[in-house]
file protein_30.cif (mmCIF, C-alpha atoms)
data_my_file
#
loop_
_atom_site.label_atom_id
_atom_site.label_comp_id
_atom_site.auth_asym_id
_atom_site.auth_seq_id
_atom_site.Cartn_x
_atom_site.Cartn_y
_atom_site.Cartn_z
CA MET A 25 7.21 17.76 6.57
CA GLU A 26 7.81 17.15 10.25
CA LYS A 27 11.37 16.11 11.03
CA LEU A 28 11.72 12.39 11.58
CA LYS A 29 13.65 11.09 14.58
CA TYR A 30 14.52 7.49 15.43
CA ALA A 31 16.58 5.41 17.81
CA LEU A 32 19.09 3.60 15.58
CA TYR A 33 19.90 0.01 16.49
CA THR A 34 22.96 -0.76 14.39
CA GLY A 35 23.44 -4.40 15.32
CA CYS A 36 26.93 -5.92 15.23
CA THR A 37 27.69 -6.25 11.52
CA ALA A 38 27.33 -2.57 10.61
CA ARG A 39 29.79 -1.68 13.39
CA GLU A 40 32.49 -4.14 12.38
CA SER A 41 32.22 -6.28 9.23
CA THR A 42 30.39 -3.72 7.09
CA PRO A 43 31.21 -0.30 8.58
CA GLU A 44 30.26 1.27 5.25
CA LEU A 45 26.62 0.45 6.03
CA LEU A 46 26.56 2.55 9.18
CA LYS A 47 28.55 5.29 7.47
CA SER A 48 26.17 5.49 4.51
CA THR A 49 23.08 5.29 6.73
CA LEU A 50 24.23 8.31 8.70
CA ALA A 51 25.13 10.14 5.47
CA VAL A 52 21.67 9.55 3.98
CA ALA A 53 19.93 10.56 7.21
CA ASP A 54 21.93 13.77 7.26
CA LYS A 55 21.03 14.55 3.64
CA LEU A 56 17.33 13.98 4.30
CA GLY A 57 17.22 15.76 7.65
CA ILE A 58 16.40 12.58 9.57
CA GLU A 59 17.75 12.49 13.13
CA LEU A 60 19.19 9.17 14.26
CA ILE A 61 20.16 8.60 17.91
CA LEU A 62 22.60 5.69 18.12
CA LEU A 63 21.78 3.13 20.79
CA ASP A 64 25.38 2.63 21.92
CA GLU A 65 24.26 0.62 24.98
CA ALA A 66 22.58 -2.03 22.81
CA THR A 67 24.04 -5.48 22.30
CA CYS A 68 23.82 -8.29 19.74
CA CYS A 69 20.33 -9.52 18.78
CA GLY A 70 21.47 -13.14 18.82
CA ALA A 71 21.67 -13.36 15.04
CA SER A 72 19.09 -16.19 14.94
CA HIS A 73 21.71 -18.51 16.48
CA LEU A 74 21.48 -17.65 20.16
CA GLN A 75 17.73 -18.15 19.80
CA ASP A 76 18.29 -21.85 19.13
CA TYR A 77 20.58 -22.22 22.14
CA ASP A 78 18.84 -20.11 24.80
CA ASP A 79 15.49 -18.66 23.80
CA PHE A 80 14.90 -16.85 27.09
CA LEU A 81 18.30 -15.18 27.04
CA SER A 82 17.64 -13.94 23.52
CA LEU A 83 14.35 -12.44 24.65
CA VAL A 84 16.01 -10.66 27.55
CA LEU A 85 18.80 -9.27 25.33
CA ASN A 86 16.42 -7.99 22.67
CA ALA A 87 13.97 -6.59 25.21
CA ARG A 88 16.89 -4.79 26.85
CA ASN A 89 17.79 -3.22 23.50
CA ILE A 90 14.22 -2.06 22.95
CA CYS A 91 14.18 -0.56 26.45
CA TYR A 92 16.79 1.98 25.38
CA ALA A 93 14.56 3.13 22.52
CA GLU A 94 11.63 3.31 24.95
CA LYS A 95 13.65 5.49 27.30
CA LEU A 96 14.09 7.94 24.41
CA GLY A 97 10.42 7.69 23.48
CA LEU A 98 11.37 6.81 19.90
CA THR A 99 10.69 4.17 17.29
CA MET A 100 13.64 1.80 16.95
CA VAL A 101 15.08 1.62 13.43
CA THR A 102 17.21 -1.33 12.36
CA ILE A 103 19.60 -1.64 9.40
CA CYS A 104 19.94 -5.43 9.39
CA ASN A 105 17.22 -7.87 8.35
CA THR A 106 18.18 -10.40 11.00
CA CYS A 107 18.24 -7.75 13.72
CA GLN A 108 14.83 -6.64 12.49
CA LEU A 109 13.47 -10.18 12.71
CA ASN A 110 14.78 -10.92 16.20
CA THR A 111 13.82 -7.54 17.63
CA ALA A 112 10.35 -7.55 16.09
CA MET A 113 9.79 -11.16 17.15
CA THR A 114 10.74 -10.33 20.73
CA LYS A 115 8.40 -7.36 20.78
CA HIS A 116 5.51 -9.38 19.37
CA ARG A 117 5.99 -12.25 21.83
CA LEU A 118 6.24 -9.99 24.87
CA ASP A 119 3.35 -7.75 23.81
CA THR A 120 1.06 -10.76 23.38
CA ASN A 121 2.17 -12.83 26.37
CA PRO A 122 1.89 -11.01 29.74
CA GLU A 123 3.37 -13.93 31.67
CA LEU A 124 6.45 -14.09 29.46
CA LYS A 125 6.79 -10.31 29.61
CA ALA A 126 6.74 -10.46 33.42
CA LYS A 127 9.49 -13.11 33.45
CA VAL A 128 11.67 -11.05 31.11
CA ASN A 129 11.08 -7.90 33.17
CA ALA A 130 12.06 -9.73 36.35
CA LYS A 131 15.45 -10.30 34.75
CA LEU A 132 15.69 -6.79 33.32
CA ALA A 133 14.98 -5.37 36.77
CA GLU A 134 18.42 -6.62 37.82
CA VAL A 135 19.93 -3.90 35.61
CA GLY A 136 17.26 -1.31 36.36
CA LEU A 137 15.26 -1.69 33.15
CA GLU A 138 11.63 -2.50 32.33
CA TYR A 139 10.23 -3.46 28.95
CA LYS A 140 6.91 -1.66 28.41
CA GLY A 141 6.18 -2.23 24.72
CA THR A 142 5.86 1.48 23.92
CA SER A 143 8.38 1.67 21.04
CA GLU A 144 7.72 0.37 17.55
CA VAL A 145 10.41 -1.45 15.57
CA THR A 146 10.97 -0.94 11.84
CA HIS A 147 13.71 -1.24 9.25
CA PHE A 148 15.36 1.87 7.77
CA LEU A 149 14.05 0.73 4.38
CA TYR A 150 10.47 1.19 5.55
CA ALA A 151 11.31 4.38 7.41
CA LEU A 152 12.36 5.80 4.04
CA VAL A 153 9.56 4.30 1.95
CA GLN A 154 6.66 4.80 4.34
CA ASP A 155 7.59 7.52 6.84
CA PHE A 156 9.72 9.83 4.70
CA GLY A 157 7.86 8.88 1.54
CA LEU A 158 9.02 7.95 -1.94
CA GLU A 159 7.67 11.15 -3.49
CA ASN A 160 9.58 13.28 -0.99
CA LEU A 161 12.71 11.24 -1.59
CA ALA A 162 12.42 11.54 -5.38
CA LYS A 163 12.25 15.32 -5.05
CA GLN A 164 15.67 15.34 -3.36
CA VAL A 165 17.43 13.19 -5.95
CA GLN A 166 20.40 15.10 -7.38
CA VAL A 167 22.01 12.33 -9.43
CA PRO A 168 19.33 10.08 -10.97
CA LEU A 169 20.56 6.51 -11.38
CA SER A 170 18.90 6.22 -14.78
CA GLN A 171 21.91 4.64 -16.50
CA PHE A 172 21.88 1.62 -14.19
CA ASN A 173 19.86 -1.60 -14.19
CA ILE A 174 19.62 -2.36 -10.46
CA ALA A 175 18.62 -5.75 -9.08
CA PRO A 176 16.94 -5.61 -5.66
CA PHE A 177 17.76 -8.42 -3.25
CA TYR A 178 15.36 -8.40 -0.31
CA GLY A 179 16.72 -11.29 1.77
CA CYS A 180 14.58 -13.40 4.09
CA HIS A 181 14.18 -11.76 7.44
CA ASN A 182 12.73 -8.42 6.40
CA ILE A 183 9.71 -9.95 4.71
CA ARG A 184 9.24 -13.27 6.50
CA PRO A 185 7.38 -14.51 8.45
CA SER A 186 4.76 -12.24 6.93
CA GLU A 187 2.37 -12.48 9.88
CA LEU A 188 5.09 -10.89 12.04
CA GLN A 189 6.86 -8.54 9.68
CA ASN A 190 3.63 -7.15 8.22
CA LEU A 191 3.23 -5.36 11.54
CA SER A 192 6.19 -3.15 10.64
CA ASN A 193 6.60 -3.26 6.86
CA GLY A 194 3.19 -2.05 5.74
CA GLY A 195 1.97 -5.41 4.51
CA GLU A 196 4.86 -6.31 2.18
CA ASN A 197 4.04 -9.44 0.19
CA PRO A 198 6.89 -11.93 0.79
CA TYR A 199 6.18 -13.60 -2.57
CA ASN A 200 6.11 -10.33 -4.49
CA PRO A 201 7.81 -7.57 -2.46
CA THR A 202 7.91 -4.10 -3.98
CA SER A 203 9.47 -1.68 -1.46
CA LEU A 204 13.06 -2.01 -2.69
CA ASP A 205 11.93 -1.94 -6.33
CA ASP A 206 9.97 1.24 -5.61
CA LEU A 207 12.97 2.78 -3.88
CA ILE A 208 15.17 2.05 -6.91
CA ILE A 209 12.64 3.81 -9.14
CA ALA A 210 12.44 6.77 -6.74
CA CYS A 211 16.22 7.08 -7.04
CA GLY A 212 15.85 7.24 -10.82
CA GLY A 213 17.19 3.74 -11.44
CA VAL A 214 15.80 0.93 -13.57
CA ASN A 215 14.60 -1.89 -11.33
CA VAL A 216 15.40 -5.42 -12.48
CA ASP A 217 12.82 -8.12 -11.79
CA TYR A 218 14.15 -11.64 -11.37
CA ALA A 219 12.99 -14.81 -9.62
CA GLU A 220 15.69 -14.87 -6.94
CA LYS A 221 15.15 -11.36 -5.54
CA ASN A 222 13.17 -12.63 -2.52
CA LYS A 223 15.12 -15.86 -1.97
CA CYS A 224 17.68 -16.75 0.71
CA CYS A 225 21.29 -15.63 0.27
CA GLY A 226 22.56 -18.69 2.15
CA PHE A 227 24.13 -16.85 5.08
CA HIS A 228 22.47 -18.84 7.84
CA ALA A 229 23.23 -22.16 6.11
CA GLU A 230 26.94 -21.44 5.81
CA LEU A 231 28.14 -23.42 8.84
CA GLN A 232 25.77 -26.35 8.44
CA SER A 233 25.91 -26.76 4.67
CA PRO A 234 28.50 -24.57 2.93
CA ARG A 235 27.85 -26.00 -0.53
CA THR A 236 24.12 -25.33 -0.27
CA ALA A 237 24.90 -21.82 0.98
CA ALA A 238 27.24 -21.23 -1.96
CA ILE A 239 24.60 -22.41 -4.43
CA LEU A 240 22.02 -20.06 -2.93
CA THR A 241 24.48 -17.18 -3.16
CA GLY A 242 25.37 -18.08 -6.73
CA ASN A 243 21.75 -18.42 -7.79
CA ALA A 244 20.99 -14.92 -6.52
CA ILE A 245 23.91 -13.32 -8.35
CA ALA A 246 23.33 -15.36 -11.50
CA GLY A 247 19.65 -14.44 -11.55
CA ALA A 248 20.53 -10.76 -11.41
CA MET A 249 23.23 -11.15 -14.07
CA ASP A 250 20.94 -13.04 -16.41
CA ALA A 251 18.35 -10.28 -16.04
CA ASN A 252 20.97 -7.80 -17.29
CA ALA A 253 21.62 -6.09 -13.95
CA ASP A 254 24.57 -3.74 -13.62
CA TRP A 255 24.61 -4.19 -9.85
CA MET A 256 22.59 -5.45 -6.90
CA VAL A 257 21.28 -3.67 -3.82
CA THR A 258 20.23 -5.16 -0.48
CA PRO A 259 18.91 -3.84 2.85
CA CYS A 260 20.74 -6.57 4.80
CA PRO A 261 24.46 -6.58 5.69
CA LEU A 262 24.47 -10.37 6.09
CA CYS A 263 23.15 -10.77 2.55
CA HIS A 264 25.76 -8.23 1.47
CA LEU A 265 28.55 -10.26 3.03
CA LYS A 266 27.48 -13.36 1.11
CA LEU A 267 26.90 -11.64 -2.21
CA ASP A 268 29.90 -9.30 -2.10
CA VAL A 269 32.50 -11.54 -0.48
CA GLN A 270 31.75 -15.12 -1.47
CA HIS A 271 31.34 -14.93 -5.23
CA HIS A 272 34.38 -17.23 -5.65
CA SER A 273 32.78 -20.14 -3.79
CA ALA A 274 29.46 -19.35 -5.47
CA SER A 275 31.09 -19.50 -8.91
CA LYS A 276 32.70 -22.84 -8.07
CA ALA A 277 29.41 -24.29 -6.82
CA LEU A 278 27.51 -23.18 -9.92
CA GLY A 279 30.22 -23.99 -12.42
CA ARG A 280 30.07 -20.50 -13.94
CA ASP A 281 31.55 -17.13 -13.11
CA VAL A 282 29.12 -15.05 -11.05
CA LYS A 283 30.11 -11.61 -9.83
CA LEU A 284 28.37 -8.24 -9.54
CA PRO A 285 28.91 -5.11 -7.47
CA VAL A 286 26.55 -5.20 -4.46
CA LEU A 287 25.52 -2.02 -2.67
CA HIS A 288 23.88 -1.54 0.69
CA MET A 289 20.48 0.07 0.38
CA PRO A 290 21.56 3.43 1.90
CA GLN A 291 24.60 3.52 -0.41
CA MET A 292 22.28 3.46 -3.42
CA VAL A 293 20.10 6.18 -1.93
CA GLY A 294 23.20 8.18 -1.04
CA LEU A 295 24.48 8.08 -4.62
CA ALA A 296 21.16 9.43 -5.84
CA LEU A 297 21.26 12.19 -3.22
CA GLY A 298 24.70 13.29 -4.38
CA CYS A 299 26.86 11.76 -1.64
CA THR A 300 30.47 11.00 -2.56
CA SER A 301 32.02 7.55 -2.71
CA ALA A 302 34.05 8.41 0.39
CA GLU A 303 30.94 9.46 2.31
CA LEU A 304 29.33 6.11 1.44
CA GLY A 305 32.35 3.92 2.09
CA LEU A 306 32.33 2.33 -1.36
CA ASN A 307 36.04 1.52 -0.98
CA HIS A 308 35.20 -1.12 1.65
CA HIS A 309 33.65 -3.53 -0.85
CA VAL A 310 35.39 -6.76 -1.85
CA THR A 311 33.76 -6.76 -5.29
CA LYS A 312 34.97 -3.47 -6.72
CA VAL A 313 32.43 -0.73 -7.29
CA ASP A 314 33.86 1.01 -10.36
CA PHE A 315 30.82 2.73 -11.86
CA VAL A 316 31.09 5.98 -9.85
#

call {"tool": "encode", "arguments": {"input": "protein_30.cif", "output": "structure tokens"}}
result
Amino acid sequence: MEKLKYALYTGCTARESTPELLKSTLAVADKLGIELILLDEATCCGASHLQDYDDFLSLVLNARNICYAEKLGLTMVTICNTCQLNTAMTKHRLDTNPELKAKVNAKLAEVGLEYKGTSEVTHFLYALVQDFGLENLAKQVQVPLSQFNIAPFYGCHNIRPSELQNLSNGGENPYNPTSLDDLIIACGGVNVDYAEKNKCCGFHAELQSPRTAAILTGNAIAGAMDANADWMVTPCPLCHLKLDVQHHSASKALGRDVKLPVLHMPQMVGLALGCTSAELGLNHHVTKVDFV
């Protein structure tokens, strides 16, 4: 197959709070022969918080990030659900509103940039599932994950709002998503179906309502546990932070002990491809990953 090449927008979290995500993404890309060009000039997407404070500024920042992918003539790939949402939303709004696009470009011109709308935006999950292909991936599996029951946790921003994200995720059904389940199967694992797999992790409710956030986190982990999962996997570092780090507050909120290892999506793929724990950064996790 033709070699795939993307402009990688890492976002903030994979550079700092979850460096194992960036590390494992690069390891998987190397194993599969996918070329990723890091957009080192890019800045924060606004994390769905700046958007509430200054909508225009968020559009300018995200358009600026996309401009760097356009300069390379490449599709932008994200590895964070919230980055995917804010970047895709910006692209959609500018591509469908010439007046707004002109206003944003007037600001971008101050730093010598122009948003043209020539680069697509997609998540690394869909780059693997749709562009690389599950059959091609399955052929490269060296260590099938057949001994593990794996619970997919999709998070919100990769699959919702569907009228926006369906432009880049191949029509994923937000009520019954399948991409992460299919990826688990391609890696040789046993996918666990449970009601909470497409629910909110609580990350964006943490500051406003910490108890509600803790309950959402706990419900997700408990749902996976009750479905006999050995571990969880997510394509979003913000979901990972909630599920991996805050199981203590989640346990307190639910009144029961909830705790499972939680892997980033490329870490799971990397294990199946034969990457080592060190290559995938499994030592960075708060909830110990002791099954490898």

call {"tool": "residues_around", "arguments": {"input": "protein_30.cif", "residues": "region 98-104 of chain A", "least_positions_apart": "4", "cutoff": "7 Å", "atoms": "all atoms listed in the file", "output": "list of chain:residue names"}}
result
A:Tyr30, A:Ala31, A:Leu32, A:Tyr33, A:Thr34, A:Gly35, A:Ala93, A:Glu94, A:Gln108, A:Ser143, A:Glu144, A:Val145, A:Thr146, A:His147, A:Phe148, A:Pro259, A:Cys260, A:Pro261

call {"tool": "closest_residue", "arguments": {"input": "protein_30.cif", "among": "A:Tyr92, A:Lys276, A:Arg39, A:Leu83", "to": "Glu65 (chain A)", "atoms": "only C-alpha atoms"}}
result
A:Tyr92

call {"tool": "atom_distance", "arguments": {"input": "protein_30.cif", "atom1": "CA of Lys221 (chain A)", "atom2": "CA of Leu265 (chain A)"}}
result
15.9 Å

call {"tool": "atom_distance", "arguments": {"input": "protein_30.cif", "atom1": "CA of Lys283 (chain A)", "atom2": "CA of Asp254 (chain A)"}}
result
10.3 Å

call {"tool": "closest_residue", "arguments": {"input": "protein_30.cif", "among": "A:Tyr139, A:Phe227, A:Phe172, A:Tyr178", "to": "His73 (chain A)", "atoms": "only C-alpha atoms"}}
result
A:Phe227

call {"tool": "closest_residue", "arguments": {"input": "protein_30.cif", "among": "A:Thr42, A:Asn160, A:Gln166, A:Thr49", "to": "Asn307 (chain A)", "atoms": "all atoms listed in the file"}}
result
A:Thr42

call {"tool": "closest_residue", "arguments": {"input": "protein_30.cif", "among": "A:Asn105, A:Ser203, A:Gln75, A:Thr311", "to": "Cys263 (chain A)", "atoms": "only C-alpha atoms"}}
result
A:Asn105

call {"tool": "atom_distance", "arguments": {"input": "protein_30.cif", "atom1": "CA of Arg117 (chain A)", "atom2": "CA of His264 (chain A)"}}
result
28.7 Å

call {"tool": "resolve_selection", "arguments": {"input": "protein_30.cif", "expression": "the PyMOL selection byres ((chain A and resi 126-133) around 9)", "output": "list in words"}}
result
Phe80, Leu81, Leu83, Val84, Leu85, Ala87, Arg88, Leu118, Asn121, Pro122, Glu123, Leu124, Lys125, Glu134, Val135, Gly136, Leu137, Glu138, Tyr139 and Lys140 of chain A

call {"tool": "axis_aligned_box", "arguments": {"input": "protein_30.cif", "around": "region 266-275 of chain A", "padding_each_side": "6 Å", "output": "AutoDock Vina command-line options"}}
result
--center_x 30.6 --center_y -14.7 --center_z -3.9 --size_x 19.5 --size_y 22.8 --size_z 22.0

call {"tool": "residues_near_point", "arguments": {"input": "protein_30.cif", "point": "(6.5, -16.3, -4.6)", "cutoff": "12 Å", "atoms": "only C-alpha atoms", "output": "list of chain:residue names"}}
result
A:Ile183, A:Arg184, A:Asn197, A:Pro198, A:Tyr199, A:Asn200, A:Pro201, A:Tyr218, A:Ala219, A:Glu220, A:Lys221, A:Asn222, A:Lys223
